[in-house]
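What follows is the content of entry37.cif (mmCIF, N, CA and C atoms).
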```
data_upload
#
loop_
_atom_site.label_atom_id
_atom_site.label_comp_id
_atom_site.auth_asym_id
_atom_site.auth_seq_id
_atom_site.Cartn_x
_atom_site.Cartn_y
_atom_site.Cartn_z
N MET A 1 10.71 10.04 1.16
CA MET A 1 10.68 8.63 1.52
C MET A 1 9.72 8.49 2.69
N GLY A 2 8.88 7.49 2.61
CA GLY A 2 7.92 7.27 3.69
C GLY A 2 7.73 5.79 3.97
N THR A 3 7.38 5.49 5.20
CA THR A 3 7.11 4.12 5.63
C THR A 3 5.84 4.12 6.46
N ALA A 4 4.99 3.15 6.21
CA ALA A 4 3.76 2.99 6.99
C ALA A 4 3.71 1.56 7.51
N VAL A 5 3.37 1.40 8.77
CA VAL A 5 3.26 0.09 9.40
C VAL A 5 1.82 -0.06 9.90
N ARG A 6 1.22 -1.19 9.57
CA ARG A 6 -0.14 -1.47 10.03
C ARG A 6 -0.12 -2.77 10.82
N MET A 7 -0.50 -2.70 12.10
CA MET A 7 -0.57 -3.89 12.95
C MET A 7 -2.03 -4.07 13.37
N VAL A 8 -2.56 -5.24 13.11
CA VAL A 8 -3.96 -5.54 13.44
C VAL A 8 -3.97 -6.77 14.33
N ALA A 9 -4.68 -6.67 15.45
CA ALA A 9 -4.76 -7.78 16.39
C ALA A 9 -5.77 -8.83 15.90
N ASP A 10 -5.74 -10.00 16.54
CA ASP A 10 -6.74 -11.02 16.23
C ASP A 10 -8.13 -10.44 16.43
N GLN A 11 -9.00 -10.67 15.46
CA GLN A 11 -10.38 -10.20 15.55
C GLN A 11 -11.24 -11.37 16.04
N ASP A 12 -11.35 -11.48 17.36
CA ASP A 12 -12.07 -12.61 17.93
C ASP A 12 -13.34 -12.20 18.68
N ARG A 13 -13.61 -10.91 18.75
CA ARG A 13 -14.87 -10.42 19.34
C ARG A 13 -15.63 -9.67 18.26
N THR A 14 -16.24 -10.42 17.36
CA THR A 14 -16.88 -9.83 16.19
C THR A 14 -18.40 -9.88 16.31
N SER A 15 -19.05 -9.04 15.54
CA SER A 15 -20.51 -9.05 15.48
C SER A 15 -20.96 -10.07 14.43
N GLY A 16 -22.25 -10.16 14.20
CA GLY A 16 -22.78 -11.12 13.25
C GLY A 16 -22.38 -10.87 11.81
N PHE A 17 -22.01 -9.64 11.46
CA PHE A 17 -21.64 -9.31 10.10
C PHE A 17 -20.14 -9.33 9.85
N GLU A 18 -19.37 -9.65 10.87
CA GLU A 18 -17.91 -9.68 10.75
C GLU A 18 -17.41 -11.12 10.79
N ARG A 19 -16.16 -11.31 10.42
CA ARG A 19 -15.52 -12.63 10.44
C ARG A 19 -14.38 -12.65 11.45
N ARG A 20 -14.20 -13.78 12.08
CA ARG A 20 -13.04 -13.95 12.95
C ARG A 20 -11.80 -14.11 12.07
N THR A 21 -10.78 -13.31 12.33
CA THR A 21 -9.56 -13.38 11.53
C THR A 21 -8.34 -13.29 12.45
N PRO A 22 -7.23 -13.89 12.03
CA PRO A 22 -5.99 -13.74 12.80
C PRO A 22 -5.40 -12.34 12.59
N GLY A 23 -4.51 -11.95 13.47
CA GLY A 23 -3.85 -10.66 13.34
C GLY A 23 -2.85 -10.66 12.20
N TYR A 24 -2.43 -9.45 11.80
CA TYR A 24 -1.42 -9.34 10.74
C TYR A 24 -0.63 -8.06 10.91
N PHE A 25 0.50 -8.02 10.22
CA PHE A 25 1.47 -6.94 10.30
C PHE A 25 1.91 -6.60 8.88
N LEU A 26 1.64 -5.38 8.42
CA LEU A 26 1.98 -4.98 7.06
C LEU A 26 2.92 -3.78 7.06
N VAL A 27 3.82 -3.74 6.10
CA VAL A 27 4.76 -2.63 5.94
C VAL A 27 4.63 -2.10 4.51
N ASP A 28 4.42 -0.79 4.37
CA ASP A 28 4.37 -0.12 3.07
C ASP A 28 5.50 0.91 3.02
N MET A 29 6.14 1.04 1.87
CA MET A 29 7.19 2.04 1.69
C MET A 29 6.92 2.81 0.41
N SER A 30 7.29 4.09 0.41
CA SER A 30 7.10 4.92 -0.78
C SER A 30 8.17 6.00 -0.82
N GLY A 31 8.38 6.51 -2.02
CA GLY A 31 9.34 7.59 -2.21
C GLY A 31 9.11 8.24 -3.56
N SER A 32 9.64 9.44 -3.71
CA SER A 32 9.50 10.14 -4.98
C SER A 32 10.74 10.99 -5.25
N LEU A 33 10.91 11.32 -6.53
CA LEU A 33 12.05 12.09 -6.98
C LEU A 33 11.55 13.06 -8.04
N THR A 34 11.94 14.33 -7.92
CA THR A 34 11.57 15.32 -8.92
C THR A 34 12.78 15.65 -9.78
N LEU A 35 12.61 15.49 -11.09
CA LEU A 35 13.68 15.76 -12.05
C LEU A 35 13.36 17.04 -12.79
N THR A 36 14.26 18.00 -12.75
CA THR A 36 14.08 19.27 -13.45
C THR A 36 15.05 19.33 -14.62
N PRO A 37 14.54 19.60 -15.82
CA PRO A 37 15.43 19.65 -16.99
C PRO A 37 16.38 20.84 -16.90
N PRO A 38 17.54 20.74 -17.54
CA PRO A 38 18.53 21.82 -17.46
C PRO A 38 18.15 23.05 -18.28
N TRP A 39 17.21 22.93 -19.21
CA TRP A 39 16.80 24.08 -20.01
C TRP A 39 15.59 24.75 -19.38
N PRO A 40 15.43 26.06 -19.52
CA PRO A 40 14.38 26.80 -18.80
C PRO A 40 12.96 26.52 -19.29
N ALA A 41 12.76 26.08 -20.52
CA ALA A 41 11.39 25.92 -21.04
C ALA A 41 10.77 24.57 -20.69
N GLY A 42 11.51 23.66 -20.12
CA GLY A 42 10.99 22.32 -19.85
C GLY A 42 10.20 22.24 -18.56
N SER A 43 9.34 21.25 -18.49
CA SER A 43 8.57 20.99 -17.28
C SER A 43 9.28 19.94 -16.43
N SER A 44 9.13 20.06 -15.14
CA SER A 44 9.73 19.07 -14.26
C SER A 44 8.90 17.78 -14.30
N VAL A 45 9.55 16.68 -13.99
CA VAL A 45 8.93 15.36 -13.98
C VAL A 45 9.09 14.78 -12.59
N ARG A 46 7.99 14.24 -12.05
CA ARG A 46 8.05 13.62 -10.73
C ARG A 46 7.86 12.12 -10.89
N LEU A 47 8.80 11.36 -10.37
CA LEU A 47 8.76 9.90 -10.42
C LEU A 47 8.47 9.40 -9.01
N SER A 48 7.41 8.60 -8.86
CA SER A 48 7.02 8.06 -7.56
C SER A 48 7.03 6.55 -7.61
N VAL A 49 7.49 5.94 -6.52
CA VAL A 49 7.51 4.49 -6.40
C VAL A 49 6.97 4.13 -5.02
N ALA A 50 6.07 3.16 -4.99
CA ALA A 50 5.52 2.68 -3.72
C ALA A 50 5.48 1.16 -3.73
N VAL A 51 5.80 0.57 -2.61
CA VAL A 51 5.70 -0.88 -2.44
C VAL A 51 4.74 -1.12 -1.29
N LYS A 52 3.60 -1.73 -1.62
CA LYS A 52 2.59 -2.06 -0.61
C LYS A 52 2.79 -3.50 -0.19
N ASN A 53 2.63 -3.79 1.08
CA ASN A 53 2.81 -5.12 1.64
C ASN A 53 4.21 -5.64 1.31
N LEU A 54 5.20 -4.90 1.73
CA LEU A 54 6.60 -5.17 1.41
C LEU A 54 7.03 -6.59 1.77
N LEU A 55 6.55 -7.12 2.88
CA LEU A 55 6.96 -8.45 3.33
C LEU A 55 6.13 -9.57 2.72
N ASP A 56 5.19 -9.24 1.85
CA ASP A 56 4.35 -10.20 1.12
C ASP A 56 3.60 -11.14 2.07
N ARG A 57 2.94 -10.56 3.06
CA ARG A 57 2.17 -11.33 4.03
C ARG A 57 0.75 -11.56 3.54
N THR A 58 0.20 -12.71 3.88
CA THR A 58 -1.21 -12.95 3.59
C THR A 58 -2.03 -12.48 4.79
N TYR A 59 -3.19 -11.92 4.52
CA TYR A 59 -4.05 -11.44 5.60
C TYR A 59 -5.49 -11.41 5.11
N ARG A 60 -6.40 -11.36 6.07
CA ARG A 60 -7.82 -11.23 5.77
C ARG A 60 -8.41 -10.11 6.61
N ASP A 61 -9.19 -9.28 5.96
CA ASP A 61 -9.86 -8.18 6.65
C ASP A 61 -11.15 -8.72 7.26
N HIS A 62 -11.36 -8.48 8.54
CA HIS A 62 -12.54 -9.03 9.21
C HIS A 62 -13.85 -8.39 8.75
N LEU A 63 -13.77 -7.24 8.07
CA LEU A 63 -14.97 -6.58 7.56
C LEU A 63 -15.30 -6.98 6.13
N SER A 64 -14.45 -7.74 5.48
CA SER A 64 -14.67 -8.10 4.08
C SER A 64 -15.76 -9.17 3.97
N ALA A 65 -16.62 -9.01 2.98
CA ALA A 65 -17.66 -10.01 2.73
C ALA A 65 -17.11 -11.20 1.94
N VAL A 66 -15.91 -11.05 1.39
CA VAL A 66 -15.29 -12.13 0.63
C VAL A 66 -14.51 -13.00 1.61
N THR A 67 -14.94 -14.23 1.79
CA THR A 67 -14.32 -15.10 2.79
C THR A 67 -13.33 -16.08 2.18
N TRP A 68 -13.29 -16.22 0.87
CA TRP A 68 -12.44 -17.21 0.22
C TRP A 68 -11.19 -16.60 -0.40
N TRP A 69 -10.92 -15.32 -0.18
CA TRP A 69 -9.80 -14.64 -0.83
C TRP A 69 -9.00 -13.87 0.21
N ASP A 70 -7.70 -14.08 0.22
CA ASP A 70 -6.82 -13.31 1.11
C ASP A 70 -6.59 -11.93 0.54
N GLY A 71 -6.06 -11.03 1.35
CA GLY A 71 -5.70 -9.70 0.89
C GLY A 71 -4.60 -9.79 -0.16
N PRO A 72 -4.41 -8.72 -0.93
CA PRO A 72 -3.40 -8.77 -1.99
C PRO A 72 -1.99 -8.93 -1.43
N GLY A 73 -1.12 -9.56 -2.20
CA GLY A 73 0.27 -9.71 -1.80
C GLY A 73 1.04 -8.44 -2.08
N ARG A 74 2.32 -8.58 -2.28
CA ARG A 74 3.17 -7.42 -2.56
C ARG A 74 2.70 -6.74 -3.84
N ASN A 75 2.65 -5.41 -3.81
CA ASN A 75 2.18 -4.63 -4.94
C ASN A 75 3.14 -3.46 -5.14
N ILE A 76 3.67 -3.34 -6.36
CA ILE A 76 4.60 -2.25 -6.67
C ILE A 76 3.88 -1.27 -7.60
N VAL A 77 3.85 0.00 -7.21
CA VAL A 77 3.17 1.04 -7.97
C VAL A 77 4.20 2.08 -8.39
N ILE A 78 4.26 2.37 -9.70
CA ILE A 78 5.19 3.37 -10.23
C ILE A 78 4.37 4.44 -10.93
N GLY A 79 4.63 5.69 -10.61
CA GLY A 79 3.90 6.79 -11.22
C GLY A 79 4.84 7.86 -11.78
N ILE A 80 4.45 8.43 -12.90
CA ILE A 80 5.19 9.53 -13.50
C ILE A 80 4.23 10.69 -13.69
N ARG A 81 4.63 11.88 -13.26
CA ARG A 81 3.76 13.04 -13.34
C ARG A 81 4.53 14.22 -13.90
N THR A 82 3.87 14.93 -14.80
CA THR A 82 4.46 16.16 -15.34
C THR A 82 3.33 17.14 -15.61
N GLU A 83 3.67 18.39 -15.79
CA GLU A 83 2.68 19.43 -16.12
C GLU A 83 3.03 20.03 -17.46
N TRP A 84 2.01 20.35 -18.24
CA TRP A 84 2.21 20.93 -19.58
C TRP A 84 1.88 22.39 -19.56
#
```

Whole structure given in structure tokens:
Amino acid sequence: MGTAVRMVADQDRTSGFERRTPGYFLVDMSGSLTLTPPWPAGSSVRLSVAVKNLLDRTYRDHLSAVTWWDGPGRNIVIGIRTEW
């Protein structure tokens, strides 16, 4: 299980190629679980789940050239991994 917090201050001292943007606060969480089959010939399976921008905050990156689009909202990523 993991948690990442990103806090960005107001970007008000920017160069000519940057944009002034308000500050933002993002929280990401992730976790994984490994499942091993009860029989010896099977491969283990790893299930991973991550939630990016858990609080569904809108934000803008001051380095982005796209000025009309906010950053992505909440994003849920599910992954399954096994070896053959």

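Minimum distance to Ala4 (chain A) across A:Val66, A:Leu26, A:Gly73, A:Ile80 (counting all atoms listed in the file) occurs at A:Leu26.
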
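Protein and nucleic acid residues near (8.7, 7.3, 3.0) are Met1, Gly2, Thr3, Met29, Ser30 and Gly31 of chain A, the criterion being any atom at most 6 Å away using all atoms listed in the file.
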
Find the residues around region 50-63 of chain A up to 7 Å (only C-alpha atoms counted), leave out those fewer than 3 positions away in its own chain, and share them as a compact mmCIF listing (two decimals) with N, CA and C atoms, in the frame of the given file.
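Output below, filename result26.txt:
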```
# COMPACT_ATOMS: atom_id res chain seq x y z
N GLN A 11 -9.00 -10.67 15.46
CA GLN A 11 -10.38 -10.20 15.55
C GLN A 11 -11.24 -11.37 16.04
N GLU A 18 -19.37 -9.65 10.87
CA GLU A 18 -17.91 -9.68 10.75
C GLU A 18 -17.41 -11.12 10.79
N ARG A 19 -16.16 -11.31 10.42
CA ARG A 19 -15.52 -12.63 10.44
C ARG A 19 -14.38 -12.65 11.45
N ARG A 20 -14.20 -13.78 12.08
CA ARG A 20 -13.04 -13.95 12.95
C ARG A 20 -11.80 -14.11 12.07
N THR A 21 -10.78 -13.31 12.33
CA THR A 21 -9.56 -13.38 11.53
C THR A 21 -8.34 -13.29 12.45
N TYR A 24 -2.43 -9.45 11.80
CA TYR A 24 -1.42 -9.34 10.74
C TYR A 24 -0.63 -8.06 10.91
N LEU A 26 1.64 -5.38 8.42
CA LEU A 26 1.98 -4.98 7.06
C LEU A 26 2.92 -3.78 7.06
N VAL A 27 3.82 -3.74 6.10
CA VAL A 27 4.76 -2.63 5.94
C VAL A 27 4.63 -2.10 4.51
N ASP A 28 4.42 -0.79 4.37
CA ASP A 28 4.37 -0.12 3.07
C ASP A 28 5.50 0.91 3.02
N MET A 29 6.14 1.04 1.87
CA MET A 29 7.19 2.04 1.69
C MET A 29 6.92 2.81 0.41
N SER A 30 7.29 4.09 0.41
CA SER A 30 7.10 4.92 -0.78
C SER A 30 8.17 6.00 -0.82
N GLY A 31 8.38 6.51 -2.02
CA GLY A 31 9.34 7.59 -2.21
C GLY A 31 9.11 8.24 -3.56
N ASP A 70 -7.70 -14.08 0.22
CA ASP A 70 -6.82 -13.31 1.11
C ASP A 70 -6.59 -11.93 0.54
N GLY A 71 -6.06 -11.03 1.35
CA GLY A 71 -5.70 -9.70 0.89
C GLY A 71 -4.60 -9.79 -0.16
N GLY A 73 -1.12 -9.56 -2.20
CA GLY A 73 0.27 -9.71 -1.80
C GLY A 73 1.04 -8.44 -2.08
N ARG A 74 2.32 -8.58 -2.28
CA ARG A 74 3.17 -7.42 -2.56
C ARG A 74 2.70 -6.74 -3.84
N ASN A 75 2.65 -5.41 -3.81
CA ASN A 75 2.18 -4.63 -4.94
C ASN A 75 3.14 -3.46 -5.14
N ILE A 76 3.67 -3.34 -6.36
CA ILE A 76 4.60 -2.25 -6.67
C ILE A 76 3.88 -1.27 -7.60
N VAL A 77 3.85 0.00 -7.21
CA VAL A 77 3.17 1.04 -7.97
C VAL A 77 4.20 2.08 -8.39
N ILE A 78 4.26 2.37 -9.70
CA ILE A 78 5.19 3.37 -10.23
C ILE A 78 4.37 4.44 -10.93
```

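Taking atom N of Val49 (chain A) as the reference point, CA of Trp69 (chain A) is found at 27.5 Å.
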
Within 7 Å of Leu35 (chain A), counting only C-alpha atoms, which residues show up once you throw out same-chain ones fewer than 4 positions away? Write them as a PyMOL selection string, please. chain A and resi 44-46

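Atom pair CA of Thr36 (chain A) / CA of Gly79 (chain A) has a distance of 16.3 Å (rounded to one decimal).
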
Under the PyMOL selection byres (((chain A and resi 84 and name CA) around 10) and name CA), which residues of this model are included? Write them out as a tab-separated table (two decimals) with N, CA and C atoms, in the coordinates of the input.
```tsv
chain	number	residue	atom	x	y	z
A	42	GLY	N	11.51	23.66	-20.12
A	42	GLY	CA	10.99	22.32	-19.85
A	42	GLY	C	10.20	22.24	-18.56
A	43	SER	N	9.34	21.25	-18.49
A	43	SER	CA	8.57	20.99	-17.28
A	43	SER	C	9.28	19.94	-16.43
A	44	SER	N	9.13	20.06	-15.14
A	44	SER	CA	9.73	19.07	-14.26
A	44	SER	C	8.90	17.78	-14.30
A	82	THR	N	3.87	14.93	-14.80
A	82	THR	CA	4.46	16.16	-15.34
A	82	THR	C	3.33	17.14	-15.61
A	83	GLU	N	3.67	18.39	-15.79
A	83	GLU	CA	2.68	19.43	-16.12
A	83	GLU	C	3.03	20.03	-17.46
```

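Interatomic distance, atom N of Leu47 (chain A) to atom C of Arg81 (chain A): 6.2 Å.
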
With all atoms listed in the file as the atoms that count, which of A:Ser32, A:Ala65, A:Pro72, A:Val5 lies nearest to Phe17 (chain A)? A:Ala65

From the DSSP assignment of the backbone, select every residue of chain A that is strand (DSSP E or B), and format the answer as a PyMOL selection string. chain A and resi 2-8+11+21+24-35+45-52+75-82

Starting from 4 Å padding per side, set up an axis-aligned box that covers all listed atoms of region 51-55 of chain A and hand over centre and edge lengths in Å, one decimal, as lines of an AutoDock Vina configuration file.
```
center_x = 4.8
center_y = -4.5
center_z = 0.4
size_x = 12.4
size_y = 18.1
size_z = 13.9
```

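Proximity ranking of A:Ala9, A:Ala41, A:Trp68, A:Ser48 relative to Phe25 (chain A) places A:Ala9 first, based on only N, CA and C atoms.
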